[in-house]
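Below is one structure, written out as structure tokens; the observations come after it.
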Amino acid sequence: MSTRVTLVDRGRVRADMGYVLSGYTMGGAAEPNPDHEIGDFVVWAAVIETDSQTVLVDTGPSSNAESYWPDPLYNAFEAYDAADRFLQSDLDAVGYAIDDIDAVVMTHLHLDHAGELSVFEGTDVPIYVHEDELPFAFMSAHTNEGSIAYLAADFDGGYNWQLVHGETHTLDPSVRLLHLPGHTPGLMGLQVSLPDEETLLIAGDEAYVEANYTDGVPLGPGLLWDSCAWRTSRERLREIDRQTDAMVLYGHDLSVFQSIDAELSS
């Protein structure tokens, strides 16, 4: 069997475009009170099926996001349909079950990506996370330092953690994990080799939307842990893209998600 990727729609988030594109709406002398644009963004997971294993990438938000997420975050990033979305049912919709999953790759542990990781708590399913992400997430969740986007209940339990070290980790002959710090210390993307010499490059939240990647517009306020690291990670992805002419999947770009989903499904 050749490697196959199936995207899993995990719902929508509404947010001001200024959060995802730095400087998108800024006042000036000519227009001191510009209108703000609210965008509709996708939250997704992915299933990668290879000859040797079935891997889930991220788990998406919790169905109780409205009451569970900190008020400032939900106010900024409204997961307005989360109550109607569950990982198991969204997997069912694309032909998979929780029991089909042999391993989980967490691109990072923010609450919109790790919200249903708990379905694997107490199991022996390996959970891959970068060595720089896990301590930052725990520190953030248990102290006043770090980021409020980490919630202890998402990952503070009995998990079979598998730490990814360094810049690249070969999970499978067709699947490479890529360390892409910037949005968070331990953000990871994936390079997946598909049939007919095609490549899927999962940028994840290194690029929320296409303009972050193609135009180099940084993420907006509060979404960058390290701006210099973010630029370096972007160039690393772009070099792989130049070498492979990859399809590039961004973290929350709805139109690109739909386009790539259609191509992978054809």
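Chains: A, B, ... in order of the structure tokens. Residues: from 1 per chain. Ligands: from 1, in order shown.
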
Among segment 123-231 of chain A, which ones does DSSP place in strand (DSSP E), written as a PyMOL selection string? chain A and resi 126-130+160-164+168-172+175-179+188-193+199-204

Print the selection's residues with C-alpha atoms to a file, as a compact mmCIF listing (two decimals), in the first residue's frame.
```
# COMPACT_ATOMS: atom_id res chain seq x y z
CA PRO A 126 2.80 6.55 21.33
CA ILE A 127 2.31 10.33 21.39
CA TYR A 128 5.11 12.09 19.50
CA VAL A 129 5.93 15.62 20.67
CA HIS A 130 9.08 17.68 20.28
CA ASN A 160 2.98 7.30 26.24
CA TRP A 161 5.09 10.33 25.35
CA GLN A 162 7.75 9.86 22.68
CA LEU A 163 10.11 12.84 22.54
CA VAL A 164 11.34 14.01 19.15
CA THR A 168 14.27 16.00 11.80
CA HIS A 169 12.81 12.68 12.89
CA THR A 170 11.98 9.87 10.46
CA LEU A 171 8.74 8.37 11.71
CA ASP A 172 8.33 6.14 8.66
CA VAL A 175 6.97 10.48 6.87
CA ARG A 176 9.48 12.95 8.33
CA LEU A 177 8.79 15.18 11.33
CA LEU A 178 10.27 18.68 11.06
CA HIS A 179 11.07 20.97 13.99
CA MET A 188 6.51 20.45 14.30
CA GLY A 189 5.50 20.06 10.69
CA LEU A 190 5.62 16.99 8.48
CA GLN A 191 6.99 16.05 5.09
CA VAL A 192 4.96 13.20 3.59
CA SER A 193 5.95 11.35 0.42
CA THR A 199 4.95 15.57 -1.56
CA LEU A 200 2.62 16.98 1.08
CA LEU A 201 4.31 19.53 3.29
CA ILE A 202 2.33 20.12 6.48
CA ALA A 203 3.40 23.55 7.68
CA GLY A 204 0.86 23.58 10.50
```

Within 7 Å of segment 107-120 of chain A, counting only C-alpha atoms, which residues show up once you throw out same-chain ones fewer than 3 positions away? Write them as a ChimeraX atom specification, please.
/A:58-62,87,123,125,129,133,137,149-151,154-155,186-189

Output the selection as a short mmCIF file (atom, residue, chain, number, x, y, z; two decimals), in the first residue's frame - N, CA and C atoms for each residue.
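After the write, result-v8.cif holds the following:
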```cif
data_model
loop_
_atom_site.label_atom_id
_atom_site.label_comp_id
_atom_site.auth_asym_id
_atom_site.auth_seq_id
_atom_site.Cartn_x
_atom_site.Cartn_y
_atom_site.Cartn_z
N ASP A 58 -2.49 15.58 15.29
CA ASP A 58 -3.30 16.49 16.11
C ASP A 58 -4.69 15.91 16.37
N THR A 59 -5.38 16.50 17.35
CA THR A 59 -6.70 16.00 17.73
C THR A 59 -7.78 17.06 17.66
N GLY A 60 -7.40 18.33 17.49
CA GLY A 60 -8.40 19.39 17.41
C GLY A 60 -8.88 19.85 18.77
N PRO A 61 -9.85 20.76 18.79
CA PRO A 61 -10.32 21.36 20.05
C PRO A 61 -11.28 20.45 20.80
N SER A 62 -11.46 20.75 22.06
CA SER A 62 -12.47 20.07 22.87
C SER A 62 -13.85 20.56 22.49
N LEU A 87 -13.95 14.20 18.04
CA LEU A 87 -12.91 13.53 17.26
C LEU A 87 -13.40 12.21 16.69
N THR A 123 -3.53 4.67 27.41
CA THR A 123 -3.27 3.64 26.40
C THR A 123 -1.77 3.58 26.13
N VAL A 125 -0.63 3.88 23.06
CA VAL A 125 -0.43 4.56 21.78
C VAL A 125 0.65 5.62 21.96
N VAL A 129 5.90 14.18 20.42
CA VAL A 129 5.93 15.62 20.67
C VAL A 129 7.40 16.04 20.72
N GLU A 133 8.74 21.24 23.17
CA GLU A 133 7.34 21.61 23.34
C GLU A 133 6.77 21.18 24.68
N ALA A 137 4.99 23.57 27.43
CA ALA A 137 3.56 23.42 27.65
C ALA A 137 3.25 23.21 29.13
N ALA A 149 -2.37 29.58 26.06
CA ALA A 149 -2.99 28.67 25.09
C ALA A 149 -2.72 27.20 25.41
N TYR A 150 -2.05 26.93 26.52
CA TYR A 150 -1.84 25.55 26.98
C TYR A 150 -2.70 25.30 28.20
N LEU A 151 -3.48 24.24 28.18
CA LEU A 151 -4.32 23.86 29.30
C LEU A 151 -3.89 22.50 29.84
N ASP A 154 -5.43 19.07 29.02
CA ASP A 154 -5.28 18.51 27.67
C ASP A 154 -4.18 17.46 27.59
N PHE A 155 -3.16 17.57 28.44
CA PHE A 155 -1.99 16.70 28.27
C PHE A 155 -1.35 16.25 29.57
N GLY A 186 8.39 24.19 20.31
CA GLY A 186 8.51 22.84 19.78
C GLY A 186 7.55 22.52 18.66
N LEU A 187 7.10 23.53 17.93
CA LEU A 187 6.19 23.27 16.82
C LEU A 187 6.84 22.31 15.82
N MET A 188 6.04 21.37 15.33
CA MET A 188 6.51 20.45 14.30
C MET A 188 5.61 20.49 13.08
N GLY A 189 6.21 20.32 11.92
CA GLY A 189 5.50 20.06 10.69
C GLY A 189 5.86 18.68 10.20
#
```

**Prompt:** Quick one: of A:Leu264, A:Trp69, A:Asp241, A:Gly158, who's nearest to Gly122 of chain A, counting only C-alpha atoms?
**Reply:**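 When distances to Gly122 of chain A are compared using only C-alpha atoms, the smallest one comes from A:Gly158.
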
Computed gap from atom CA of Ala141 of chain A to atom CA of Asp16 of chain A is 25.1 Å

Asp51 of chain A surroundings by only C-alpha atoms, 10 Å radius, close-in-sequence under 3 positions cut, as a PDB file with N, CA and C atoms, in the first residue's frame:
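In the end it all went to result_5.pdb:
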```pdb
ATOM      1  N   MET A   1       0.838  -1.203   0.000  1.00  0.00           N
ATOM      2  CA  MET A   1       0.000   0.000   0.000  1.00  0.00           C
ATOM      3  C   MET A   1       0.873   1.253   0.000  1.00  0.00           C
ATOM      4  N   SER A   2       0.541   2.221  -0.829  1.00  0.00           N
ATOM      5  CA  SER A   2       1.246   3.491  -0.818  1.00  0.00           C
ATOM      6  C   SER A   2       0.705   4.379   0.298  1.00  0.00           C
ATOM      7  N   THR A   3       1.525   5.301   0.742  1.00  0.00           N
ATOM      8  CA  THR A   3       1.120   6.205   1.808  1.00  0.00           C
ATOM      9  C   THR A   3      -0.063   7.057   1.366  1.00  0.00           C
ATOM     10  N   ARG A   4      -1.042   7.167   2.250  1.00  0.00           N
ATOM     11  CA  ARG A   4      -2.254   7.922   1.956  1.00  0.00           C
ATOM     12  C   ARG A   4      -2.520   8.892   3.103  1.00  0.00           C
ATOM     13  N   THR A  54      -0.783   3.579  11.097  1.00  0.00           N
ATOM     14  CA  THR A  54      -1.765   4.632  10.860  1.00  0.00           C
ATOM     15  C   THR A  54      -1.553   5.711  11.905  1.00  0.00           C
ATOM     16  N   ASP A 172       8.612   7.212   9.609  1.00  0.00           N
ATOM     17  CA  ASP A 172       8.330   6.143   8.661  1.00  0.00           C
ATOM     18  C   ASP A 172       9.121   6.498   7.393  1.00  0.00           C
ATOM     19  N   PRO A 173       9.459   5.541   6.550  1.00  0.00           N
ATOM     20  CA  PRO A 173      10.198   5.902   5.338  1.00  0.00           C
ATOM     21  C   PRO A 173       9.548   7.020   4.517  1.00  0.00           C
ATOM     22  N   SER A 174       8.248   7.177   4.634  1.00  0.00           N
ATOM     23  CA  SER A 174       7.554   8.203   3.856  1.00  0.00           C
ATOM     24  C   SER A 174       7.114   9.408   4.700  1.00  0.00           C
TER      25      SER A 174
END
```

**Asked** Skipping near chain neighbours, those fewer than 4 positions away, what residues fall within 8 Å of segment 5-15 of chain A using only C-alpha atoms, listed as an MDAnalysis selection string?
**Response** chainID A and resid 19 38:49 60:61 76:82 85:87 90:91 94 261 264:265

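For Val217 of chain A, the list of residues within 8 Å, based on only C-alpha atoms and with local chain neighbours fewer than 3 positions off taken out, reads A:Leu21, A:Ser22, A:Ala211, A:Asn212, A:Tyr213.
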
Dump as an mmCIF file, in the first residue's frame, selection limited to C-alpha atoms:
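That gives us out33.cif:
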```
data_model
loop_
_atom_site.group_PDB
_atom_site.id
_atom_site.type_symbol
_atom_site.label_atom_id
_atom_site.label_comp_id
_atom_site.auth_asym_id
_atom_site.auth_seq_id
_atom_site.Cartn_x
_atom_site.Cartn_y
_atom_site.Cartn_z
ATOM 1 C CA LEU A 21 -1.534 38.550 9.694
ATOM 2 C CA SER A 22 0.575 41.118 11.505
ATOM 3 C CA ALA A 211 0.066 34.816 3.199
ATOM 4 C CA ASN A 212 2.237 33.882 6.200
ATOM 5 C CA TYR A 213 4.040 31.369 4.013
#
```

Looking only at the backbone, which of the residues in segment 77-218 of chain A does DSSP tag as helix (DSSP H, G or I), as a PyMOL selection string? chain A and resi 82-84+87-92+98-100+117-120+133-142+152-155+195-197+210-214

Writer output for current selection, N, CA and C atoms, as a JSON list (two decimals), in the first residue's frame:
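again.json written:
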```
[["chain", "number", "residue", "atom", "x", "y", "z"],
["A", 82, "ALA", "N", -17.71, 24.09, 17.96],
["A", 82, "ALA", "CA", -17.01, 23.00, 18.66],
["A", 82, "ALA", "C", -17.97, 22.06, 19.38],
["A", 83, "ALA", "N", -19.07, 22.60, 19.89],
["A", 83, "ALA", "CA", -20.01, 21.76, 20.64],
["A", 83, "ALA", "C", -20.61, 20.65, 19.79],
["A", 84, "ASP", "N", -20.59, 20.82, 18.49],
["A", 84, "ASP", "CA", -21.16, 19.83, 17.58],
["A", 84, "ASP", "C", -20.11, 18.90, 16.98],
["A", 87, "LEU", "N", -13.95, 14.20, 18.04],
["A", 87, "LEU", "CA", -12.91, 13.53, 17.26],
["A", 87, "LEU", "C", -13.40, 12.21, 16.69],
["A", 88, "GLN", "N", -14.07, 11.39, 17.51],
["A", 88, "GLN", "CA", -14.51, 10.09, 17.02],
["A", 88, "GLN", "C", -15.47, 10.22, 15.85],
["A", 89, "SER", "N", -16.46, 11.12, 15.96],
["A", 89, "SER", "CA", -17.43, 11.26, 14.88],
["A", 89, "SER", "C", -16.79, 11.85, 13.63],
["A", 90, "ASP", "N", -15.84, 12.78, 13.81],
["A", 90, "ASP", "CA", -15.16, 13.35, 12.64],
["A", 90, "ASP", "C", -14.26, 12.32, 11.97],
["A", 91, "LEU", "N", -13.65, 11.44, 12.75],
["A", 91, "LEU", "CA", -12.90, 10.33, 12.16],
["A", 91, "LEU", "C", -13.84, 9.36, 11.44],
["A", 92, "ASP", "N", -14.96, 9.06, 12.07],
["A", 92, "ASP", "CA", -15.95, 8.17, 11.43],
["A", 92, "ASP", "C", -16.34, 8.68, 10.05],
["A", 98, "ILE", "N", -11.00, 5.53, 16.43],
["A", 98, "ILE", "CA", -9.90, 5.76, 17.39],
["A", 98, "ILE", "C", -9.01, 4.52, 17.46],
["A", 99, "ASP", "N", -9.63, 3.34, 17.46],
["A", 99, "ASP", "CA", -8.86, 2.10, 17.59],
["A", 99, "ASP", "C", -7.96, 1.83, 16.38],
["A", 100, "ASP", "N", -8.18, 2.52, 15.27],
["A", 100, "ASP", "CA", -7.33, 2.34, 14.09],
["A", 100, "ASP", "C", -5.99, 3.05, 14.24],
["A", 117, "LEU", "N", -6.85, 15.03, 22.98],
["A", 117, "LEU", "CA", -5.78, 14.06, 23.20],
["A", 117, "LEU", "C", -6.15, 13.06, 24.29],
["A", 118, "SER", "N", -7.05, 13.45, 25.16],
["A", 118, "SER", "CA", -7.43, 12.60, 26.30],
["A", 118, "SER", "C", -8.00, 11.25, 25.88],
["A", 119, "VAL", "N", -8.46, 11.13, 24.64],
["A", 119, "VAL", "CA", -8.98, 9.82, 24.22],
["A", 119, "VAL", "C", -7.89, 8.77, 24.19],
["A", 120, "PHE", "N", -6.62, 9.20, 24.21],
["A", 120, "PHE", "CA", -5.49, 8.27, 24.21],
["A", 120, "PHE", "C", -4.84, 8.14, 25.59],
["A", 133, "GLU", "N", 8.74, 21.24, 23.17],
["A", 133, "GLU", "CA", 7.34, 21.61, 23.34],
["A", 133, "GLU", "C", 6.77, 21.18, 24.68],
["A", 134, "LEU", "N", 7.07, 19.95, 25.07],
["A", 134, "LEU", "CA", 6.45, 19.40, 26.27],
["A", 134, "LEU", "C", 6.79, 20.20, 27.53],
["A", 135, "PRO", "N", 8.05, 20.53, 27.81],
["A", 135, "PRO", "CA", 8.33, 21.31, 29.02],
["A", 135, "PRO", "C", 7.74, 22.72, 28.98],
["A", 136, "PHE", "N", 7.72, 23.33, 27.79],
["A", 136, "PHE", "CA", 7.14, 24.66, 27.68],
["A", 136, "PHE", "C", 5.63, 24.62, 27.94],
["A", 137, "ALA", "N", 4.99, 23.57, 27.43],
["A", 137, "ALA", "CA", 3.56, 23.42, 27.65],
["A", 137, "ALA", "C", 3.25, 23.21, 29.13],
["A", 138, "PHE", "N", 4.01, 22.35, 29.80],
["A", 138, "PHE", "CA", 3.77, 22.10, 31.21],
["A", 138, "PHE", "C", 4.05, 23.35, 32.04],
["A", 139, "MET", "N", 5.12, 24.06, 31.74],
["A", 139, "MET", "CA", 5.43, 25.29, 32.45],
["A", 139, "MET", "C", 4.32, 26.32, 32.25],
["A", 140, "SER", "N", 3.85, 26.45, 31.02],
["A", 140, "SER", "CA", 2.79, 27.41, 30.72],
["A", 140, "SER", "C", 1.50, 27.07, 31.46],
["A", 141, "ALA", "N", 1.18, 25.78, 31.52],
["A", 141, "ALA", "CA", -0.08, 25.35, 32.13],
["A", 141, "ALA", "C", -0.07, 25.44, 33.65],
["A", 142, "HIS", "N", 1.13, 25.41, 34.25],
["A", 142, "HIS", "CA", 1.20, 25.32, 35.71],
["A", 142, "HIS", "C", 1.81, 26.53, 36.39],
["A", 152, "ALA", "N", -3.61, 22.45, 31.13],
["A", 152, "ALA", "CA", -3.05, 21.23, 31.73],
["A", 152, "ALA", "C", -3.90, 20.00, 31.47],
["A", 153, "ALA", "N", -5.21, 20.15, 31.52],
["A", 153, "ALA", "CA", -6.09, 18.99, 31.37],
["A", 153, "ALA", "C", -5.97, 18.35, 29.99],
["A", 154, "ASP", "N", -5.43, 19.07, 29.02],
["A", 154, "ASP", "CA", -5.28, 18.51, 27.67],
["A", 154, "ASP", "C", -4.18, 17.46, 27.59],
["A", 155, "PHE", "N", -3.16, 17.57, 28.44],
["A", 155, "PHE", "CA", -1.99, 16.70, 28.27],
["A", 155, "PHE", "C", -1.35, 16.25, 29.57],
["A", 195, "PRO", "N", 2.21, 8.89, -3.42],
["A", 195, "PRO", "CA", 2.41, 8.21, -4.71],
["A", 195, "PRO", "C", 2.68, 9.21, -5.83],
["A", 196, "ASP", "N", 3.27, 8.71, -6.90],
["A", 196, "ASP", "CA", 3.59, 9.51, -8.09],
["A", 196, "ASP", "C", 4.55, 10.65, -7.77],
["A", 197, "GLU", "N", 5.41, 10.41, -6.79],
["A", 197, "GLU", "CA", 6.47, 11.36, -6.42],
["A", 197, "GLU", "C", 5.92, 12.72, -5.94],
["A", 210, "GLU", "N", -2.12, 31.24, 4.03],
["A", 210, "GLU", "CA", -1.17, 31.21, 2.92],
["A", 210, "GLU", "C", -0.24, 32.42, 2.91],
["A", 211, "ALA", "N", -0.76, 33.61, 3.26],
["A", 211, "ALA", "CA", 0.07, 34.82, 3.20],
["A", 211, "ALA", "C", 1.24, 34.77, 4.17],
["A", 212, "ASN", "N", 1.10, 34.05, 5.29],
["A", 212, "ASN", "CA", 2.24, 33.88, 6.20],
["A", 212, "ASN", "C", 3.38, 33.19, 5.48],
["A", 213, "TYR", "N", 3.04, 32.20, 4.68],
["A", 213, "TYR", "CA", 4.04, 31.37, 4.01],
["A", 213, "TYR", "C", 4.55, 32.01, 2.72],
["A", 214, "THR", "N", 3.64, 32.38, 1.84],
["A", 214, "THR", "CA", 4.06, 32.84, 0.52],
["A", 214, "THR", "C", 4.60, 34.27, 0.54]]
```

Among listed residues A:Gly220, A:His183, A:His252, A:Arg231, nearest Gly23 of chain A (using only C-alpha atoms)
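Ranked by minimum distance to Gly23 of chain A, first place goes to A:Gly220.
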